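A.B. asks: One file is attached below, entry.json, containing JSON, C-alpha atoms.
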[["chain", "number", "residue", "atom", "x", "y", "z"],
["K", 1, "MET", "CA", -25.74, -0.17, 1.74],
["K", 2, "ILE", "CA", -23.69, -3.40, 1.81],
["K", 3, "HIS", "CA", -21.22, -4.47, -0.87],
["K", 4, "PRO", "CA", -20.15, -7.98, 0.25],
["K", 5, "THR", "CA", -18.31, -8.88, -2.95],
["K", 6, "ALA", "CA", -17.47, -5.45, -4.37],
["K", 7, "PRO", "CA", -14.04, -5.24, -6.01],
["K", 8, "LEU", "CA", -11.28, -3.20, -4.41],
["K", 9, "LYS", "CA", -11.70, -0.50, -7.06],
["K", 10, "GLU", "CA", -15.26, 0.25, -5.95],
["K", 11, "TYR", "CA", -14.24, 0.21, -2.30],
["K", 12, "TYR", "CA", -11.32, 2.59, -2.77],
["K", 13, "ASP", "CA", -13.23, 4.85, -5.15],
["K", 14, "THR", "CA", -15.82, 5.28, -2.42],
["K", 15, "ARG", "CA", -13.22, 5.62, 0.33],
["K", 16, "ALA", "CA", -10.94, 8.07, -1.49],
["K", 17, "PRO", "CA", -12.15, 11.33, 0.14],
["K", 18, "GLU", "CA", -11.67, 9.88, 3.63],
["K", 19, "TYR", "CA", -8.69, 7.59, 3.02],
["K", 20, "ASP", "CA", -6.13, 9.84, 4.73],
["K", 21, "ASP", "CA", -8.20, 9.73, 7.92],
["K", 22, "TRP", "CA", -6.61, 6.31, 8.55],
["K", 23, "TYR", "CA", -3.11, 7.81, 8.58],
["K", 24, "LEU", "CA", -4.09, 11.00, 10.43],
["K", 25, "GLY", "CA", -6.38, 9.51, 13.07],
["K", 26, "ARG", "CA", -9.43, 11.49, 11.99],
["K", 27, "GLY", "CA", -13.09, 10.61, 11.44],
["K", 28, "ARG", "CA", -13.84, 6.97, 12.26],
["K", 29, "PHE", "CA", -10.22, 6.49, 13.38],
["K", 30, "ALA", "CA", -10.19, 9.36, 15.87],
["K", 31, "ASN", "CA", -11.06, 7.20, 18.86],
["K", 32, "GLN", "CA", -9.23, 4.02, 17.90],
["K", 33, "HIS", "CA", -6.68, 2.80, 20.42],
["K", 34, "ARG", "CA", -3.44, 2.77, 18.42],
["K", 35, "PRO", "CA", -0.51, 3.28, 20.82],
["K", 36, "GLU", "CA", 2.72, 4.40, 19.12],
["K", 37, "TRP", "CA", 0.89, 4.97, 15.82],
["K", 38, "GLU", "CA", 2.20, 8.49, 15.27],
["K", 39, "GLU", "CA", 5.76, 7.50, 16.18],
["K", 40, "ASP", "CA", 5.64, 4.49, 13.85],
["K", 41, "LEU", "CA", 4.20, 6.57, 11.02],
["K", 42, "ARG", "CA", 6.97, 9.15, 11.43],
["K", 43, "ALA", "CA", 9.54, 6.35, 11.29],
["K", 44, "LEU", "CA", 8.00, 5.02, 8.09],
["K", 45, "VAL", "CA", 7.98, 8.47, 6.48],
["K", 46, "ALA", "CA", 11.60, 9.02, 7.50],
["K", 47, "LEU", "CA", 12.57, 5.69, 5.95],
["K", 48, "LEU", "CA", 10.92, 6.54, 2.64],
["K", 49, "ALA", "CA", 12.52, 9.98, 2.56],
["K", 50, "CYS", "CA", 15.97, 8.40, 3.04],
["K", 51, "LEU", "CA", 15.68, 5.92, 0.17],
["K", 52, "PRO", "CA", 18.06, 6.66, -2.72],
["K", 53, "PRO", "CA", 16.39, 8.58, -5.55],
["K", 54, "ALA", "CA", 15.34, 6.36, -8.44],
["K", 55, "ARG", "CA", 12.92, 5.96, -11.30],
["K", 56, "ILE", "CA", 10.05, 4.66, -9.18],
["K", 57, "LEU", "CA", 6.69, 3.14, -10.01],
["K", 58, "ASP", "CA", 4.31, 3.39, -7.05],
["K", 59, "VAL", "CA", 1.70, 0.69, -7.58],
["K", 60, "ALA", "CA", -1.68, 1.36, -5.95],
["K", 61, "CYS", "CA", -0.53, 4.82, -4.89],
["K", 62, "GLY", "CA", -3.90, 5.79, -3.41],
["K", 63, "THR", "CA", -4.01, 9.45, -2.42],
["K", 64, "GLY", "CA", -0.22, 9.72, -2.63],
["K", 65, "TYR", "CA", 0.10, 10.13, 1.14],
["K", 66, "LEU", "CA", 3.27, 8.02, 1.25],
["K", 67, "THR", "CA", 4.26, 8.63, -2.38],
["K", 68, "GLN", "CA", 4.99, 12.27, -1.61],
["K", 69, "HIS", "CA", 7.97, 11.22, 0.51],
["K", 70, "LEU", "CA", 9.69, 9.22, -2.23],
["K", 71, "ARG", "CA", 12.58, 10.84, -4.09],
["K", 72, "GLY", "CA", 13.28, 10.56, -7.79],
["K", 73, "GLU", "CA", 11.25, 10.34, -10.97],
["K", 74, "ILE", "CA", 7.86, 9.14, -9.77],
["K", 75, "THR", "CA", 5.12, 7.37, -11.71],
["K", 76, "ALA", "CA", 2.02, 6.87, -9.55],
["K", 77, "LEU", "CA", -0.43, 4.17, -10.64],
["K", 78, "ASP", "CA", -3.88, 3.36, -9.30],
["K", 79, "GLN", "CA", -7.09, 1.96, -10.75],
["K", 80, "SER", "CA", -9.25, 4.38, -8.75],
["K", 81, "GLU", "CA", -9.88, 7.64, -10.58],
["K", 82, "ARG", "CA", -10.89, 9.39, -7.35],
["K", 83, "MET", "CA", -7.68, 8.31, -5.63],
["K", 84, "LEU", "CA", -5.61, 9.55, -8.57],
["K", 85, "ALA", "CA", -7.38, 12.91, -8.54],
["K", 86, "ILE", "CA", -6.29, 13.47, -4.94],
["K", 87, "ALA", "CA", -2.80, 12.14, -5.64],
["K", 88, "GLY", "CA", -2.48, 14.54, -8.57],
["K", 89, "GLU", "CA", -2.99, 17.52, -6.30],
["K", 90, "ARG", "CA", -0.39, 16.18, -3.86],
["K", 91, "LEU", "CA", 2.17, 15.08, -6.47],
["K", 92, "PRO", "CA", 2.46, 17.86, -9.08],
["K", 93, "GLY", "CA", 5.71, 16.48, -10.49],
["K", 94, "ALA", "CA", 4.62, 12.86, -10.83],
["K", 95, "THR", "CA", 3.26, 11.01, -13.84],
["K", 96, "LEU", "CA", -0.19, 9.63, -13.01],
["K", 97, "VAL", "CA", -1.42, 6.40, -14.61],
["K", 98, "GLY", "CA", -4.85, 4.82, -14.26],
["K", 99, "ALA", "CA", -4.35, 1.08, -14.73],
["K", 100, "ASP", "CA", -4.69, -2.41, -13.26],
["K", 101, "ALA", "CA", -1.87, -3.23, -10.83],
["K", 102, "LEU", "CA", -1.92, -6.86, -11.97],
["K", 103, "SER", "CA", -1.31, -5.98, -15.62],
["K", 104, "LEU", "CA", 1.17, -3.09, -15.63],
["K", 105, "PRO", "CA", 1.21, -1.12, -18.90],
["K", 106, "PHE", "CA", 5.00, -0.77, -19.07],
["K", 107, "GLU", "CA", 7.89, -2.43, -20.86],
["K", 108, "GLN", "CA", 10.42, -4.61, -19.05],
["K", 109, "ASP", "CA", 12.82, -2.63, -16.84],
["K", 110, "SER", "CA", 10.95, 0.64, -17.36],
["K", 111, "PHE", "CA", 11.80, 1.55, -13.76],
["K", 112, "GLU", "CA", 14.55, 1.07, -11.23],
["K", 113, "ARG", "CA", 12.19, 0.40, -8.33],
["K", 114, "VAL", "CA", 8.60, -0.67, -7.75],
["K", 115, "PHE", "CA", 7.11, 0.62, -4.52],
["K", 116, "THR", "CA", 3.76, -0.43, -3.12],
["K", 117, "ALA", "CA", 2.10, 0.30, 0.22],
["K", 118, "HIS", "CA", -0.91, -1.39, 1.83],
["K", 119, "PHE", "CA", -1.81, -3.16, -1.38],
["K", 120, "TYR", "CA", -0.02, -6.51, -1.26],
["K", 121, "GLY", "CA", -1.91, -7.50, 1.91],
["K", 122, "HIS", "CA", -5.21, -7.33, 0.01],
["K", 123, "LEU", "CA", -4.13, -9.86, -2.61],
["K", 124, "GLN", "CA", -5.18, -13.48, -2.61],
["K", 125, "GLU", "CA", -3.55, -16.28, -4.55],
["K", 126, "PRO", "CA", -3.04, -16.22, -7.54],
["K", 127, "GLU", "CA", -3.18, -12.40, -7.47],
["K", 128, "ARG", "CA", -0.01, -12.26, -5.38],
["K", 129, "ARG", "CA", 1.96, -14.19, -7.98],
["K", 130, "ARG", "CA", 0.58, -12.07, -10.80],
["K", 131, "PHE", "CA", 1.58, -8.90, -9.00],
["K", 132, "LEU", "CA", 5.06, -10.16, -8.16],
["K", 133, "ASP", "CA", 5.62, -11.32, -11.73],
["K", 134, "GLU", "CA", 4.61, -7.90, -13.03],
["K", 135, "ALA", "CA", 6.67, -6.01, -10.46],
["K", 136, "ARG", "CA", 9.76, -8.12, -11.22],
["K", 137, "ARG", "CA", 9.24, -7.56, -14.93],
["K", 138, "VAL", "CA", 9.22, -3.77, -14.83],
["K", 139, "ALA", "CA", 11.95, -3.15, -12.22],
["K", 140, "PRO", "CA", 14.89, -4.97, -10.58],
["K", 141, "GLU", "CA", 13.93, -3.81, -7.08],
["K", 142, "LEU", "CA", 10.69, -4.05, -5.12],
["K", 143, "ILE", "CA", 9.77, -2.36, -1.84],
["K", 144, "VAL", "CA", 6.60, -3.51, -0.10],
["K", 145, "VAL", "CA", 5.11, -1.60, 2.84],
["K", 146, "ASP", "CA", 2.19, -3.15, 4.66],
["K", 147, "SER", "CA", 0.46, -3.57, 8.00],
["K", 148, "ALA", "CA", 2.40, -5.30, 10.77],
["K", 149, "LEU", "CA", 1.13, -8.38, 12.55],
["K", 150, "ALA", "CA", 1.96, -6.98, 15.99],
["K", 151, "GLY", "CA", -0.53, -4.14, 15.69],
["K", 152, "ALA", "CA", -3.18, -6.44, 14.25],
["K", 153, "ARG", "CA", -2.87, -8.83, 17.17],
["K", 154, "ALA", "CA", -3.09, -5.93, 19.63],
["K", 155, "GLN", "CA", -6.48, -5.15, 18.08],
["K", 156, "GLY", "CA", -7.62, -8.76, 18.25],
["K", 157, "ARG", "CA", -7.24, -9.44, 14.54],
["K", 158, "LYS", "CA", -6.02, -12.57, 12.81],
["K", 159, "SER", "CA", -3.08, -12.68, 10.40],
["K", 160, "GLU", "CA", -5.55, -13.32, 7.57],
["K", 161, "GLU", "CA", -9.23, -12.41, 7.57],
["K", 162, "TRP", "CA", -12.19, -10.90, 5.80],
["K", 163, "GLN", "CA", -13.12, -7.55, 7.32],
["K", 164, "GLU", "CA", -16.22, -5.42, 7.16],
["K", 165, "ARG", "CA", -15.24, -1.83, 6.41],
["K", 166, "VAL", "CA", -17.80, 0.90, 7.16],
["K", 167, "LEU", "CA", -17.32, 4.26, 5.45],
["K", 168, "ASN", "CA", -18.51, 7.73, 6.42],
["K", 169, "ASP", "CA", -21.56, 7.51, 4.16],
["K", 170, "GLY", "CA", -22.64, 4.31, 5.91],
["K", 171, "SER", "CA", -21.72, 2.01, 3.04],
["K", 172, "ARG", "CA", -20.21, -1.33, 4.03],
["K", 173, "PHE", "CA", -17.64, -3.38, 2.15],
["K", 174, "THR", "CA", -16.13, -6.78, 2.85],
["K", 175, "VAL", "CA", -12.37, -6.67, 2.26],
["K", 176, "TYR", "CA", -9.71, -9.39, 2.37],
["K", 177, "LYS", "CA", -6.70, -8.42, 4.49],
["K", 178, "ARG", "CA", -3.41, -9.98, 5.64],
["K", 179, "TYR", "CA", -0.85, -8.79, 8.21],
["K", 180, "PHE", "CA", 2.87, -9.54, 8.23],
["K", 181, "ASP", "CA", 6.03, -9.76, 10.21],
["K", 182, "GLY", "CA", 9.21, -8.71, 8.43],
["K", 183, "GLU", "CA", 10.91, -12.05, 7.92],
["K", 184, "GLN", "CA", 7.68, -13.68, 6.77],
["K", 185, "LEU", "CA", 7.09, -10.97, 4.18],
["K", 186, "ALA", "CA", 10.69, -11.05, 2.96],
["K", 187, "ALA", "CA", 10.52, -14.82, 2.51],
["K", 188, "GLU", "CA", 7.21, -14.58, 0.66],
["K", 189, "LEU", "CA", 8.66, -12.02, -1.73],
["K", 190, "GLY", "CA", 11.53, -14.36, -2.54],
["K", 191, "GLY", "CA", 14.14, -12.88, -0.23],
["K", 192, "GLY", "CA", 15.25, -9.43, 0.77],
["K", 193, "SER", "CA", 15.98, -7.07, 3.65],
["K", 194, "VAL", "CA", 13.60, -5.88, 6.35],
["K", 195, "LEU", "CA", 13.91, -2.08, 6.27],
["K", 196, "LEU", "CA", 11.38, -1.41, 9.03],
["K", 197, "GLU", "CA", 9.39, -3.47, 11.49],
["K", 198, "SER", "CA", 7.36, -1.63, 14.10],
["K", 199, "ARG", "CA", 4.10, -2.26, 15.89],
["K", 200, "TRP", "CA", 2.06, -0.97, 12.96],
["K", 201, "PHE", "CA", 4.18, -1.08, 9.80],
["K", 202, "VAL", "CA", 6.58, -3.39, 8.04],
["K", 203, "ALA", "CA", 8.75, -2.55, 5.01],
["K", 204, "VAL", "CA", 10.80, -5.00, 2.97],
["K", 205, "LEU", "CA", 13.22, -4.39, 0.10],
["K", 206, "SER", "CA", 13.39, -7.38, -2.23],
["K", 207, "PRO", "CA", 15.70, -7.50, -5.26],
["K", 208, "ARG", "CA", 14.78, -9.42, -8.38],
["K", 209, "PRO", "CA", 15.85, -13.06, -7.91]]
Mind turning the file's structure into structure tokens?
C.D. replies:
Amino acid sequence: MIHPTAPLKEYYDTRAPEYDDWYLGRGRFANQHRPEWEEDLRALVALLACLPPARILDVACGTGYLTQHLRGEITALDQSERMLAIAGERLPGATLVGADALSLPFEQDSFERVFTAHFYGHLQEPERRRFLDEARRVAPELIVVDSALAGARAQGRKSEEWQERVLNDGSRFTVYKRYFDGEQLAAELGGGSVLLESRWFVAVLSPRP
């Protein structure tokens, strides 16, 4: 089954039960050549665990694989019900919210920090601006984690492309994806500090302008 124009919600709803395979190198990712992946993932997890505790909104939390390492009062938001169901089991102390990441259902400055991982790179213009406007509205600090350009190039990928994603049930989705280097991402967010830049991951902290 092919879903060439399916929205991200449908894709991630379908992918939810196997999403962690990407992090853990299981299933379709078991034989992918990803040198230094485990080391880079450990470095990312260590970074998140060392962030100061805060009132955090995790936008597009997915299964909560990275969310579980954040410290503080956590609100985890995703538009995929199946993702949130898995995240709920992993994050018993978090508040779970099913909502659109581009129209956050919160008042201004409801949080101290917005965190998002592997979501920003799926956004096209003007979605990027809508997300940044919403993130800036609800918190004075934004942390974006996404896929690094170095790893993408090692796999023969472009910095921006449409990708066919094949899931375990054989369904196929076409997904928009971008890859970043740290300085590029910081500049695009309006300034900030590069917290991590490895072969596979980049993390930027960007304060409200």
A.B. asks: So that I can check the surroundings of Arg34 in chain K, please list as a VMD selection string every protein, DNA and RNA residue that reaches within 9 Å of it, counting all atoms listed in the file and ignoring chain neighbours fewer than 2 positions away.
C.D. replies: chain K and resid 31 to 32 36 to 38 151 154 to 155 200
A.B. asks: Calculate how many Å separate CA of Phe173 in chain K from CA of Glu188 in chain K, rounding to one decimal.
C.D. replies: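 Calculated distance between CA of Phe173 in chain K and CA of Glu188 in chain K is 27.3 Å.
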A.B. asks: CA of Ser147 in chain K and CA of Leu185 in chain K, how far apart in Å?
C.D. replies: 10.6 Å
A.B. asks: Could you tell me which of K:Glu112, K:Asp146, K:Glu161, K:Asp21 comes closest to Ala186 in chain K if we count only C-alpha atoms?
C.D. replies: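 Of the candidates, the smallest distance to Ala186 in chain K is held by K:Asp146.
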A.B. asks: Using all atoms listed in the file, determine which residues lie at most 6 Å from Leu48 in chain K, disregarding the query and same-chain residues fewer than 2 positions distant; provide the list as a ChimeraX atom specification.
C.D. replies: /K:45-46,50-51,69-70
A.B. asks: For Ala148 in chain K, which residue out of K:Asp40, K:Glu89, K:Asp13, K:Glu18 is the nearest one, using only C-alpha atoms?
C.D. replies: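 Among the listed residues, K:Asp40 lies closest to Ala148 in chain K.
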A.B. asks: Could you jot down the CA of Leu47 in chain K to CA of Pro207 in chain K separation for me, Å, one decimal place?
C.D. replies: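 Distance between the two atoms: 17.6 Å.
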A.B. asks: Find the residues near Asp20 in chain K: any atom within 8 Å, counting only C-alpha atoms, skip ones fewer than 3 places away on the same chain, and give them as a PyMOL selection string.
C.D. replies: chain K and resi 17+23-24+63+65
A.B. asks: Which residue, K:Ala99, K:Met83, K:Val204, K:Leu195, has the smallest gap to Leu142 in chain K when you use only C-alpha atoms?
C.D. replies: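 Checking each of K:Ala99, K:Met83, K:Val204, K:Leu195 against Leu142 in chain K, counting only C-alpha atoms, the winner is K:Val204.
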A.B. asks: Excluding same-chain residues fewer than 3 positions from Leu149 in chain K, what lies within 8 Å of it counting only C-alpha atoms, as a PyMOL selection string?
C.D. replies: chain K and resi 152-153+159+179-181+199-200
A.B. asks: Place N, CA and C atoms on range 96-107 of chain K and deliver the coordinates as a PDB file, in the coordinates of the input.
C.D. replies:
ATOM      1  N   LEU K  96       0.931  10.402 -13.547  1.00  0.00           N
ATOM      2  CA  LEU K  96      -0.190   9.630 -13.010  1.00  0.00           C
ATOM      3  C   LEU K  96      -0.713   8.673 -14.075  1.00  0.00           C
ATOM      4  N   VAL K  97      -0.955   7.427 -13.677  1.00  0.00           N
ATOM      5  CA  VAL K  97      -1.420   6.400 -14.610  1.00  0.00           C
ATOM      6  C   VAL K  97      -2.603   5.670 -13.987  1.00  0.00           C
ATOM      7  N   GLY K  98      -3.705   5.618 -14.687  1.00  0.00           N
ATOM      8  CA  GLY K  98      -4.850   4.820 -14.260  1.00  0.00           C
ATOM      9  C   GLY K  98      -4.777   3.453 -14.921  1.00  0.00           C
ATOM     10  N   ALA K  99      -4.535   2.411 -14.156  1.00  0.00           N
ATOM     11  CA  ALA K  99      -4.350   1.080 -14.730  1.00  0.00           C
ATOM     12  C   ALA K  99      -4.503   0.008 -13.666  1.00  0.00           C
ATOM     13  N   ASP K 100      -4.582  -1.236 -14.121  1.00  0.00           N
ATOM     14  CA  ASP K 100      -4.690  -2.410 -13.260  1.00  0.00           C
ATOM     15  C   ASP K 100      -3.307  -2.770 -12.743  1.00  0.00           C
ATOM     16  N   ALA K 101      -3.164  -2.903 -11.433  1.00  0.00           N
ATOM     17  CA  ALA K 101      -1.870  -3.230 -10.830  1.00  0.00           C
ATOM     18  C   ALA K 101      -1.404  -4.631 -11.164  1.00  0.00           C
ATOM     19  N   LEU K 102      -2.287  -5.481 -11.642  1.00  0.00           N
ATOM     20  CA  LEU K 102      -1.920  -6.860 -11.970  1.00  0.00           C
ATOM     21  C   LEU K 102      -1.601  -7.030 -13.444  1.00  0.00           C
ATOM     22  N   SER K 103      -1.664  -5.949 -14.195  1.00  0.00           N
ATOM     23  CA  SER K 103      -1.310  -5.980 -15.620  1.00  0.00           C
ATOM     24  C   SER K 103      -0.700  -4.618 -15.952  1.00  0.00           C
ATOM     25  N   LEU K 104       0.537  -4.412 -15.540  1.00  0.00           N
ATOM     26  CA  LEU K 104       1.170  -3.090 -15.630  1.00  0.00           C
ATOM     27  C   LEU K 104       1.465  -2.720 -17.073  1.00  0.00           C
ATOM     28  N   PRO K 105       1.065  -1.519 -17.498  1.00  0.00           N
ATOM     29  CA  PRO K 105       1.210  -1.120 -18.900  1.00  0.00           C
ATOM     30  C   PRO K 105       2.581  -0.529 -19.213  1.00  0.00           C
ATOM     31  N   PHE K 106       3.638  -1.262 -18.881  1.00  0.00           N
ATOM     32  CA  PHE K 106       5.000  -0.770 -19.070  1.00  0.00           C
ATOM     33  C   PHE K 106       5.876  -1.888 -19.624  1.00  0.00           C
ATOM     34  N   GLU K 107       6.939  -1.471 -20.327  1.00  0.00           N
ATOM     35  CA  GLU K 107       7.890  -2.430 -20.860  1.00  0.00           C
ATOM     36  C   GLU K 107       8.789  -2.954 -19.732  1.00  0.00           C
TER      37      GLU K 107
END
